[in-house]
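Comments concern the structure below.
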Amino acid sequence: MKIQLTEQIWLNDQGQCTTQQLTEVSGLSEQELSGLIDHHFLVPADAQAIPKTFPLHAIVMANRARRLRDDFELESNGLLLVLSLLDRIEALQEQLKALQVG
């Protein structure tokens with residue numbers, strides 16, 4: 001019998017995490033996280049603060065980026081393209097949903 005230990009994080013609007021915590025939790029490098037920040041996939045809670053802190057929801061985006069990178073063997077530019085296309089698809093789905101309700 002194999003026992004697997006997991007760690008859970010409660011994602012809420014009040015909690016924040018640092019860049020270092022994001023690298024530990026997601027498995028992305030600091031350079032990859034910087035690319036996500038530069039392209040506004042990860043938005044710091046306060047852009048002027050040092051060190052940068054992020055809402056806990058950033059963990060979801062960072063993990064999503066790492067899974068895409070690993071599953072499809074993407075380099076940085078390919079990952080950013082896929083993430084931007086997925087964001088666009090989600091926005092279009094929301095618009096379609098709003099039109100269907102209204």
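Every chain in the structure tokens takes a letter, A first, then B, and so on in the order presented; its residues are numbered from 1, and the ligands are numbered from 1 following the presented order.
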*Skipping near chain neighbours, those fewer than 4 positions away, what residues fall within 10 Å of Leu80 (chain A) using only C-alpha atoms, listed as a list in words?*
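In the requested format, the answer is Glu32, Gly35, Leu36, His39, Phe41, Ala65, Arg69, Leu74, Glu75, Ser76, Ser84, Leu85 and Leu86 of chain A.
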With a distance cut-off of 12 Å and only C-alpha atoms, select the neighbouring residues of Ile37 (chain A), excluding the residue or stretch itself and same-chain residues fewer than 6 positions from it, and output the selection as a CSV table (one decimal) with all heavy atoms, in the first residue's frame.
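And here's part-v2.csv as it stands now:
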chain,number,residue,atom,x,y,z
A,19,THR,N,6.2,35.5,-5.3
A,19,THR,CA,6.7,34.9,-6.5
A,19,THR,C,7.4,33.6,-6.1
A,19,THR,O,7.3,32.6,-6.8
A,19,THR,CB,7.7,35.8,-7.2
A,19,THR,OG1,7.0,37.1,-7.5
A,19,THR,CG2,8.2,35.2,-8.5
A,22,LEU,N,4.9,30.9,-5.6
A,22,LEU,CA,4.3,30.5,-6.9
A,22,LEU,C,5.3,29.5,-7.6
A,22,LEU,O,4.8,28.5,-8.2
A,22,LEU,CB,4.0,31.7,-7.8
A,22,LEU,CG,2.7,32.4,-7.6
A,22,LEU,CD1,2.6,33.6,-8.5
A,22,LEU,CD2,1.6,31.5,-7.8
A,30,GLU,N,11.4,31.2,-12.2
A,30,GLU,CA,11.1,32.6,-12.0
A,30,GLU,C,11.0,33.3,-13.4
A,30,GLU,O,10.3,34.2,-13.6
A,30,GLU,CB,12.2,33.2,-11.1
A,30,GLU,CG,12.0,32.8,-9.7
A,30,GLU,CD,12.9,33.6,-8.8
A,30,GLU,OE1,13.3,34.8,-9.1
A,30,GLU,OE2,13.3,33.1,-7.7
A,31,GLN,N,11.8,32.9,-14.4
A,31,GLN,CA,11.8,33.5,-15.7
A,31,GLN,C,10.4,33.2,-16.4
A,31,GLN,O,9.9,34.1,-17.0
A,31,GLN,CB,12.9,32.9,-16.6
A,31,GLN,CG,13.0,33.5,-17.9
A,31,GLN,CD,14.1,32.9,-18.8
A,31,GLN,OE1,14.8,31.9,-18.4
A,31,GLN,NE2,14.3,33.4,-19.9
A,43,VAL,N,-1.2,39.0,-12.4
A,43,VAL,CA,-1.3,40.4,-12.0
A,43,VAL,C,-1.0,40.5,-10.5
A,43,VAL,O,-1.8,40.0,-9.7
A,43,VAL,CB,-2.6,41.0,-12.4
A,43,VAL,CG1,-2.6,42.5,-12.0
A,43,VAL,CG2,-2.9,40.8,-13.9
A,44,PRO,N,0.1,41.2,-10.2
A,44,PRO,CA,0.4,41.4,-8.8
A,44,PRO,C,-0.7,42.2,-8.1
A,44,PRO,O,-1.4,43.0,-8.7
A,44,PRO,CB,1.7,42.2,-8.8
A,44,PRO,CG,2.3,42.1,-10.1
A,44,PRO,CD,1.1,41.8,-11.1
A,45,ALA,N,-0.9,41.9,-6.8
A,45,ALA,CA,-1.8,42.7,-6.0
A,45,ALA,C,-1.5,44.1,-5.9
A,45,ALA,O,-2.3,45.0,-6.0
A,45,ALA,CB,-1.9,42.0,-4.6
A,47,ALA,N,1.5,46.5,-7.8
A,47,ALA,CA,2.6,46.4,-8.8
A,47,ALA,C,3.9,47.1,-8.2
A,47,ALA,O,5.0,46.8,-8.7
A,47,ALA,CB,2.2,47.1,-10.1
A,52,LYS,N,6.9,41.2,-4.9
A,52,LYS,CA,5.5,41.2,-5.5
A,52,LYS,C,4.7,40.1,-4.8
A,52,LYS,O,5.2,39.0,-4.5
A,52,LYS,CB,5.6,40.9,-7.0
A,52,LYS,CG,6.1,42.1,-7.8
A,52,LYS,CD,6.1,41.8,-9.2
A,52,LYS,CE,6.4,42.8,-10.1
A,52,LYS,NZ,7.2,43.7,-10.5
A,53,THR,N,3.5,40.5,-4.6
A,53,THR,CA,2.6,39.5,-4.0
A,53,THR,C,1.4,39.4,-5.0
A,53,THR,O,1.0,40.3,-5.7
A,53,THR,CB,2.1,39.8,-2.6
A,53,THR,OG1,1.4,41.1,-2.7
A,53,THR,CG2,3.2,39.9,-1.6
A,54,PHE,N,0.8,38.2,-5.0
A,54,PHE,CA,-0.3,37.9,-5.9
A,54,PHE,C,-1.5,37.3,-5.1
A,54,PHE,O,-1.3,36.7,-4.1
A,54,PHE,CB,0.1,36.8,-6.9
A,54,PHE,CG,1.3,37.3,-7.7
A,54,PHE,CD1,2.6,37.1,-7.3
A,54,PHE,CD2,1.1,37.9,-9.0
A,54,PHE,CE1,3.7,37.5,-8.0
A,54,PHE,CE2,2.2,38.3,-9.7
A,54,PHE,CZ,3.5,38.1,-9.2
A,58,ALA,N,-3.8,33.3,-8.4
A,58,ALA,CA,-2.6,33.2,-9.3
A,58,ALA,C,-2.0,31.8,-9.4
A,58,ALA,O,-1.5,31.3,-10.3
A,58,ALA,CB,-1.5,34.2,-8.9
A,61,MET,N,-3.6,29.8,-12.2
A,61,MET,CA,-3.1,30.2,-13.5
A,61,MET,C,-1.6,29.6,-13.7
A,61,MET,O,-1.3,29.1,-14.7
A,61,MET,CB,-3.0,31.7,-13.7
A,61,MET,CG,-2.3,32.1,-15.0
A,61,MET,SD,-3.0,31.4,-16.5
A,61,MET,CE,-4.4,32.4,-16.8
A,62,ALA,N,-0.8,29.7,-12.6
A,62,ALA,CA,0.5,29.2,-12.7
A,62,ALA,C,0.5,27.7,-12.9
A,62,ALA,O,1.3,27.1,-13.7
A,62,ALA,CB,1.3,29.6,-11.5
A,80,LEU,N,2.8,31.2,-24.0
A,80,LEU,CA,2.1,32.5,-24.0
A,80,LEU,C,1.0,32.6,-25.1
A,80,LEU,O,-0.1,33.1,-24.8
A,80,LEU,CB,3.1,33.7,-24.1
A,80,LEU,CG,4.1,33.8,-23.0
A,80,LEU,CD1,5.1,34.9,-23.3
A,80,LEU,CD2,3.3,34.2,-21.7
*Could you check which of A:Gln95, A:Gln48, A:Asn63, A:Gln100 is closest to Ser26 (chain A), using only C-alpha atoms?*
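Among the listed residues, the smallest separation from Ser26 (chain A) belongs to A:Asn63.
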*Considering only C-alpha atoms, state which residue in the set A:Glu94, A:Val82, A:Asp46, A:Gly15 is at the smallest distance from Arg66 (chain A).*
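Between A:Glu94, A:Val82, A:Asp46, A:Gly15, the residue approaching Arg66 (chain A) most closely is A:Val82.
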*What is the distance between CA of Pro55 (chain A) and CA of Asp70 (chain A), in Å to one decimal?*
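CA of Asp70 (chain A) lies 23.9 Å from CA of Pro55 (chain A).
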*asked:* Can you measure CA of Leu42 (chain A) to CA of Val60 (chain A) for me? One decimal in Å is fine.
replied: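 If I compute the distance from CA of Leu42 (chain A) to CA of Val60 (chain A), I get 10.0 Å.
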*Counting only C-alpha atoms, figure out which residue out of A:His57, A:Ile50, A:Leu99, A:His40 gets nearest to Leu83 (chain A).*
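Closest to Leu83 (chain A) of all the choices is A:His40.
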*Select, from A:Ile59, A:Ile89, A:Leu81, A:Ala98, the residue with the minimum atom-to-atom distance to Thr23 (chain A), counting only C-alpha atoms.*
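Smallest separation from Thr23 (chain A) among the options: A:Ile59.
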Residues of region 5-72 of chain A classed as helix (DSSP H, G or I) by DSSP on the backbone are to be reported as a JSON list (two decimals) with all heavy atoms, in the first residue's frame.
[["chain", "number", "residue", "atom", "x", "y", "z"],
["A", 19, "THR", "N", 6.18, 35.52, -5.30],
["A", 19, "THR", "CA", 6.72, 34.88, -6.51],
["A", 19, "THR", "C", 7.42, 33.58, -6.14],
["A", 19, "THR", "O", 7.27, 32.58, -6.83],
["A", 19, "THR", "CB", 7.69, 35.83, -7.22],
["A", 19, "THR", "OG1", 7.03, 37.06, -7.50],
["A", 19, "THR", "CG2", 8.19, 35.23, -8.53],
["A", 20, "GLN", "N", 8.16, 33.59, -5.05],
["A", 20, "GLN", "CA", 8.85, 32.38, -4.61],
["A", 20, "GLN", "C", 7.86, 31.26, -4.30],
["A", 20, "GLN", "O", 8.07, 30.11, -4.68],
["A", 20, "GLN", "CB", 9.71, 32.67, -3.38],
["A", 20, "GLN", "CG", 10.47, 31.44, -2.91],
["A", 20, "GLN", "CD", 11.32, 31.73, -1.68],
["A", 20, "GLN", "OE1", 11.39, 32.86, -1.21],
["A", 20, "GLN", "NE2", 11.97, 30.71, -1.18],
["A", 21, "GLN", "N", 6.77, 31.59, -3.63],
["A", 21, "GLN", "CA", 5.75, 30.59, -3.34],
["A", 21, "GLN", "C", 5.12, 30.06, -4.62],
["A", 21, "GLN", "O", 4.85, 28.86, -4.74],
["A", 21, "GLN", "CB", 4.70, 31.16, -2.40],
["A", 21, "GLN", "CG", 5.22, 31.41, -1.00],
["A", 21, "GLN", "CD", 4.27, 32.23, -0.15],
["A", 21, "GLN", "OE1", 3.59, 33.12, -0.64],
["A", 21, "GLN", "NE2", 4.23, 31.91, 1.14],
["A", 22, "LEU", "N", 4.90, 30.94, -5.59],
["A", 22, "LEU", "CA", 4.34, 30.49, -6.87],
["A", 22, "LEU", "C", 5.29, 29.53, -7.58],
["A", 22, "LEU", "O", 4.84, 28.55, -8.16],
["A", 22, "LEU", "CB", 4.05, 31.69, -7.78],
["A", 22, "LEU", "CG", 2.75, 32.42, -7.55],
["A", 22, "LEU", "CD1", 2.64, 33.64, -8.47],
["A", 22, "LEU", "CD2", 1.55, 31.51, -7.77],
["A", 23, "THR", "N", 6.59, 29.80, -7.53],
["A", 23, "THR", "CA", 7.53, 28.88, -8.18],
["A", 23, "THR", "C", 7.53, 27.53, -7.48],
["A", 23, "THR", "O", 7.58, 26.49, -8.14],
["A", 23, "THR", "CB", 8.96, 29.45, -8.20],
["A", 23, "THR", "OG1", 9.39, 29.71, -6.88],
["A", 23, "THR", "CG2", 9.07, 30.69, -9.05],
["A", 24, "GLU", "N", 7.44, 27.54, -6.16],
["A", 24, "GLU", "CA", 7.44, 26.28, -5.41],
["A", 24, "GLU", "C", 6.18, 25.46, -5.68],
["A", 24, "GLU", "O", 6.25, 24.25, -5.88],
["A", 24, "GLU", "CB", 7.55, 26.56, -3.91],
["A", 24, "GLU", "CG", 8.89, 27.10, -3.48],
["A", 24, "GLU", "CD", 8.91, 27.57, -2.04],
["A", 24, "GLU", "OE1", 7.90, 27.38, -1.32],
["A", 24, "GLU", "OE2", 9.94, 28.14, -1.62],
["A", 25, "VAL", "N", 5.04, 26.12, -5.70],
["A", 25, "VAL", "CA", 3.77, 25.42, -5.85],
["A", 25, "VAL", "C", 3.55, 24.97, -7.29],
["A", 25, "VAL", "O", 3.06, 23.87, -7.54],
["A", 25, "VAL", "CB", 2.60, 26.32, -5.38],
["A", 25, "VAL", "CG1", 1.25, 25.71, -5.72],
["A", 25, "VAL", "CG2", 2.69, 26.55, -3.89],
["A", 26, "SER", "N", 3.91, 25.81, -8.25],
["A", 26, "SER", "CA", 3.59, 25.51, -9.65],
["A", 26, "SER", "C", 4.63, 24.68, -10.37],
["A", 26, "SER", "O", 4.31, 23.95, -11.29],
["A", 26, "SER", "CB", 3.39, 26.82, -10.43],
["A", 26, "SER", "OG", 4.62, 27.49, -10.57],
["A", 30, "GLU", "N", 11.36, 31.16, -12.23],
["A", 30, "GLU", "CA", 11.10, 32.59, -12.04],
["A", 30, "GLU", "C", 11.03, 33.30, -13.39],
["A", 30, "GLU", "O", 10.26, 34.24, -13.56],
["A", 30, "GLU", "CB", 12.17, 33.21, -11.14],
["A", 30, "GLU", "CG", 12.01, 32.83, -9.69],
["A", 30, "GLU", "CD", 12.92, 33.61, -8.78],
["A", 30, "GLU", "OE1", 13.25, 34.77, -9.10],
["A", 30, "GLU", "OE2", 13.29, 33.06, -7.73],
["A", 31, "GLN", "N", 11.81, 32.86, -14.35],
["A", 31, "GLN", "CA", 11.78, 33.45, -15.69],
["A", 31, "GLN", "C", 10.43, 33.21, -16.36],
["A", 31, "GLN", "O", 9.87, 34.11, -16.98],
["A", 31, "GLN", "CB", 12.91, 32.88, -16.55],
["A", 31, "GLN", "CG", 12.98, 33.48, -17.94],
["A", 31, "GLN", "CD", 14.10, 32.88, -18.77],
["A", 31, "GLN", "OE1", 14.75, 31.93, -18.36],
["A", 31, "GLN", "NE2", 14.31, 33.44, -19.93],
["A", 32, "GLU", "N", 9.90, 32.01, -16.23],
["A", 32, "GLU", "CA", 8.59, 31.71, -16.80],
["A", 32, "GLU", "C", 7.50, 32.53, -16.12],
["A", 32, "GLU", "O", 6.60, 33.04, -16.78],
["A", 32, "GLU", "CB", 8.29, 30.21, -16.68],
["A", 32, "GLU", "CG", 9.15, 29.36, -17.59],
["A", 32, "GLU", "CD", 9.07, 27.88, -17.29],
["A", 32, "GLU", "OE1", 9.04, 27.50, -16.09],
["A", 32, "GLU", "OE2", 9.03, 27.10, -18.26],
["A", 33, "LEU", "N", 7.59, 32.67, -14.80],
["A", 33, "LEU", "CA", 6.62, 33.50, -14.08],
["A", 33, "LEU", "C", 6.73, 34.96, -14.51],
["A", 33, "LEU", "O", 5.72, 35.64, -14.66],
["A", 33, "LEU", "CB", 6.82, 33.38, -12.57],
["A", 33, "LEU", "CG", 6.31, 32.10, -11.94],
["A", 33, "LEU", "CD1", 6.65, 32.07, -10.45],
["A", 33, "LEU", "CD2", 4.82, 31.94, -12.13],
["A", 34, "SER", "N", 7.95, 35.44, -14.74],
["A", 34, "SER", "CA", 8.14, 36.82, -15.21],
["A", 34, "SER", "C", 7.45, 37.03, -16.55],
["A", 34, "SER", "O", 6.84, 38.08, -16.79],
["A", 34, "SER", "CB", 9.62, 37.15, -15.34],
["A", 34, "SER", "OG", 10.22, 37.18, -14.08],
["A", 35, "GLY", "N", 7.53, 36.04, -17.43],
["A", 35, "GLY", "CA", 6.83, 36.13, -18.71],
["A", 35, "GLY", "C", 5.33, 36.21, -18.53],
["A", 35, "GLY", "O", 4.65, 36.99, -19.22],
["A", 36, "LEU", "N", 4.80, 35.43, -17.60],
["A", 36, "LEU", "CA", 3.36, 35.47, -17.33],
["A", 36, "LEU", "C", 2.95, 36.81, -16.73],
["A", 36, "LEU", "O", 1.88, 37.33, -17.04],
["A", 36, "LEU", "CB", 2.97, 34.33, -16.39],
["A", 36, "LEU", "CG", 3.13, 32.92, -16.93],
["A", 36, "LEU", "CD1", 2.79, 31.90, -15.85],
["A", 36, "LEU", "CD2", 2.26, 32.69, -18.15],
["A", 37, "ILE", "N", 3.83, 37.39, -15.92],
["A", 37, "ILE", "CA", 3.55, 38.72, -15.35],
["A", 37, "ILE", "C", 3.61, 39.79, -16.43],
["A", 37, "ILE", "O", 2.74, 40.65, -16.53],
["A", 37, "ILE", "CB", 4.54, 39.02, -14.20],
["A", 37, "ILE", "CG1", 4.32, 38.04, -13.05],
["A", 37, "ILE", "CG2", 4.40, 40.47, -13.73],
["A", 37, "ILE", "CD1", 5.44, 38.04, -12.02],
["A", 38, "ASP", "N", 4.64, 39.73, -17.26],
["A", 38, "ASP", "CA", 4.82, 40.72, -18.32],
["A", 38, "ASP", "C", 3.65, 40.73, -19.30],
["A", 38, "ASP", "O", 3.31, 41.77, -19.86],
["A", 38, "ASP", "CB", 6.11, 40.48, -19.09],
["A", 38, "ASP", "CG", 7.35, 40.75, -18.24],
["A", 38, "ASP", "OD1", 7.23, 41.40, -17.18],
["A", 38, "ASP", "OD2", 8.44, 40.27, -18.63],
["A", 58, "ALA", "N", -3.75, 33.28, -8.42],
["A", 58, "ALA", "CA", -2.61, 33.17, -9.33],
["A", 58, "ALA", "C", -2.04, 31.76, -9.35],
["A", 58, "ALA", "O", -1.46, 31.33, -10.35],
["A", 58, "ALA", "CB", -1.53, 34.17, -8.93],
["A", 59, "ILE", "N", -2.24, 31.03, -8.27],
["A", 59, "ILE", "CA", -1.76, 29.64, -8.21],
["A", 59, "ILE", "C", -2.44, 28.80, -9.29],
["A", 59, "ILE", "O", -1.81, 27.96, -9.94],
["A", 59, "ILE", "CB", -2.00, 29.04, -6.81],
["A", 59, "ILE", "CG1", -1.12, 29.75, -5.78],
["A", 59, "ILE", "CG2", -1.74, 27.55, -6.79],
["A", 59, "ILE", "CD1", -1.42, 29.40, -4.34],
["A", 60, "VAL", "N", -3.72, 29.05, -9.51],
["A", 60, "VAL", "CA", -4.47, 28.30, -10.52],
["A", 60, "VAL", "C", -3.88, 28.57, -11.90],
["A", 60, "VAL", "O", -3.63, 27.64, -12.68],
["A", 60, "VAL", "CB", -5.97, 28.66, -10.47],
["A", 60, "VAL", "CG1", -6.73, 28.00, -11.60],
["A", 60, "VAL", "CG2", -6.56, 28.29, -9.13],
["A", 61, "MET", "N", -3.62, 29.84, -12.22],
["A", 61, "MET", "CA", -3.05, 30.19, -13.52],
["A", 61, "MET", "C", -1.65, 29.62, -13.68],
["A", 61, "MET", "O", -1.29, 29.10, -14.73],
["A", 61, "MET", "CB", -3.04, 31.70, -13.71],
["A", 61, "MET", "CG", -2.34, 32.15, -14.99],
["A", 61, "MET", "SD", -2.96, 31.42, -16.52],
["A", 61, "MET", "CE", -4.40, 32.39, -16.78],
["A", 62, "ALA", "N", -0.84, 29.71, -12.64],
["A", 62, "ALA", "CA", 0.53, 29.19, -12.72],
["A", 62, "ALA", "C", 0.53, 27.67, -12.92],
["A", 62, "ALA", "O", 1.30, 27.15, -13.73],
["A", 62, "ALA", "CB", 1.31, 29.57, -11.45],
["A", 63, "ASN", "N", -0.34, 26.97, -12.22],
["A", 63, "ASN", "CA", -0.43, 25.52, -12.40],
["A", 63, "ASN", "C", -0.94, 25.16, -13.79],
["A", 63, "ASN", "O", -0.47, 24.20, -14.40],
["A", 63, "ASN", "CB", -1.32, 24.89, -11.33],
["A", 63, "ASN", "CG", -0.60, 24.72, -10.01],
["A", 63, "ASN", "OD1", 0.60, 24.54, -9.97],
["A", 63, "ASN", "ND2", -1.34, 24.80, -8.92],
["A", 64, "ARG", "N", -1.90, 25.94, -14.27],
["A", 64, "ARG", "CA", -2.41, 25.71, -15.63],
["A", 64, "ARG", "C", -1.29, 25.88, -16.65],
["A", 64, "ARG", "O", -1.15, 25.07, -17.58],
["A", 64, "ARG", "CB", -3.54, 26.70, -15.90],
["A", 64, "ARG", "CG", -4.18, 26.56, -17.25],
["A", 64, "ARG", "CD", -5.24, 27.63, -17.40],
["A", 64, "ARG", "NE", -6.14, 27.31, -18.48],
["A", 64, "ARG", "CZ", -7.06, 28.13, -18.94],
["A", 64, "ARG", "NH1", -7.23, 29.31, -18.38],
["A", 64, "ARG", "NH2", -7.84, 27.78, -19.93],
["A", 65, "ALA", "N", -0.49, 26.93, -16.49],
["A", 65, "ALA", "CA", 0.62, 27.19, -17.41],
["A", 65, "ALA", "C", 1.64, 26.05, -17.37],
["A", 65, "ALA", "O", 2.13, 25.61, -18.41],
["A", 65, "ALA", "CB", 1.28, 28.52, -17.06],
["A", 66, "ARG", "N", 1.96, 25.58, -16.16],
["A", 66, "ARG", "CA", 2.92, 24.48, -16.06],
["A", 66, "ARG", "C", 2.40, 23.21, -16.70],
["A", 66, "ARG", "O", 3.12, 22.51, -17.40],
["A", 66, "ARG", "CB", 3.28, 24.22, -14.59],
["A", 66, "ARG", "CG", 4.47, 23.30, -14.46],
["A", 66, "ARG", "CD", 4.29, 22.03, -13.66],
["A", 66, "ARG", "NE", 3.15, 21.99, -12.80],
["A", 66, "ARG", "CZ", 2.16, 21.08, -12.96],
["A", 66, "ARG", "NH1", 2.18, 20.20, -13.93],
["A", 66, "ARG", "NH2", 1.15, 21.05, -12.12],
["A", 67, "ARG", "N", 1.12, 22.89, -16.50],
["A", 67, "ARG", "CA", 0.54, 21.69, -17.11],
["A", 67, "ARG", "C", 0.57, 21.79, -18.63],
["A", 67, "ARG", "O", 0.93, 20.83, -19.32],
["A", 67, "ARG", "CB", -0.89, 21.46, -16.62],
["A", 67, "ARG", "CG", -0.98, 20.86, -15.24],
["A", 67, "ARG", "CD", -2.38, 20.36, -14.90],
["A", 67, "ARG", "NE", -3.45, 21.27, -15.31],
["A", 67, "ARG", "CZ", -3.95, 22.25, -14.56],
["A", 67, "ARG", "NH1", -3.47, 22.46, -13.35],
["A", 67, "ARG", "NH2", -4.93, 23.01, -15.01],
["A", 68, "LEU", "N", 0.22, 22.95, -19.17],
["A", 68, "LEU", "CA", 0.26, 23.13, -20.62],
["A", 68, "LEU", "C", 1.69, 22.99, -21.14],
["A", 68, "LEU", "O", 1.93, 22.34, -22.16],
["A", 68, "LEU", "CB", -0.31, 24.49, -21.01],
["A", 68, "LEU", "CG", -1.81, 24.65, -20.89],
["A", 68, "LEU", "CD1", -2.21, 26.11, -20.99],
["A", 68, "LEU", "CD2", -2.52, 23.82, -21.95],
["A", 69, "ARG", "N", 2.63, 23.62, -20.44],
["A", 69, "ARG", "CA", 4.03, 23.54, -20.84],
["A", 69, "ARG", "C", 4.51, 22.09, -20.87],
["A", 69, "ARG", "O", 5.13, 21.64, -21.84],
["A", 69, "ARG", "CB", 4.90, 24.35, -19.86],
["A", 69, "ARG", "CG", 6.38, 24.34, -20.21],
["A", 69, "ARG", "CD", 7.25, 24.69, -19.04],
["A", 69, "ARG", "NE", 7.15, 23.64, -18.02],
["A", 69, "ARG", "CZ", 7.64, 23.77, -16.81],
["A", 69, "ARG", "NH1", 8.22, 24.88, -16.43],
["A", 69, "ARG", "NH2", 7.53, 22.77, -15.94],
["A", 70, "ASP", "N", 4.20, 21.35, -19.82],
["A", 70, "ASP", "CA", 4.67, 19.98, -19.71],
["A", 70, "ASP", "C", 3.94, 19.04, -20.67],
["A", 70, "ASP", "O", 4.56, 18.22, -21.34],
["A", 70, "ASP", "CB", 4.52, 19.46, -18.28],
["A", 70, "ASP", "CG", 5.44, 20.17, -17.31],
["A", 70, "ASP", "OD1", 6.35, 20.92, -17.75],
["A", 70, "ASP", "OD2", 5.24, 19.99, -16.09],
["A", 71, "ASP", "N", 2.61, 19.16, -20.73],
["A", 71, "ASP", "CA", 1.83, 18.24, -21.55],
["A", 71, "ASP", "C", 2.09, 18.40, -23.04],
["A", 71, "ASP", "O", 2.09, 17.42, -23.78],
["A", 71, "ASP", "CB", 0.33, 18.43, -21.29],
["A", 71, "ASP", "CG", -0.09, 17.95, -19.90],
["A", 71, "ASP", "OD1", 0.73, 17.31, -19.21],
["A", 71, "ASP", "OD2", -1.23, 18.24, -19.50],
["A", 72, "PHE", "N", 2.31, 19.65, -23.48],
["A", 72, "PHE", "CA", 2.50, 19.89, -24.91],
["A", 72, "PHE", "C", 3.93, 20.28, -25.27],
["A", 72, "PHE", "O", 4.21, 20.66, -26.40],
["A", 72, "PHE", "CB", 1.52, 20.97, -25.39],
["A", 72, "PHE", "CG", 0.09, 20.55, -25.25],
["A", 72, "PHE", "CD1", -0.70, 21.08, -24.24],
["A", 72, "PHE", "CD2", -0.46, 19.60, -26.09],
["A", 72, "PHE", "CE1", -2.02, 20.69, -24.09],
["A", 72, "PHE", "CE2", -1.78, 19.19, -25.95],
["A", 72, "PHE", "CZ", -2.56, 19.74, -24.95]]
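Put simply, CA of Thr18 (chain A) is 25.1 Å away from CA of Gly78 (chain A).
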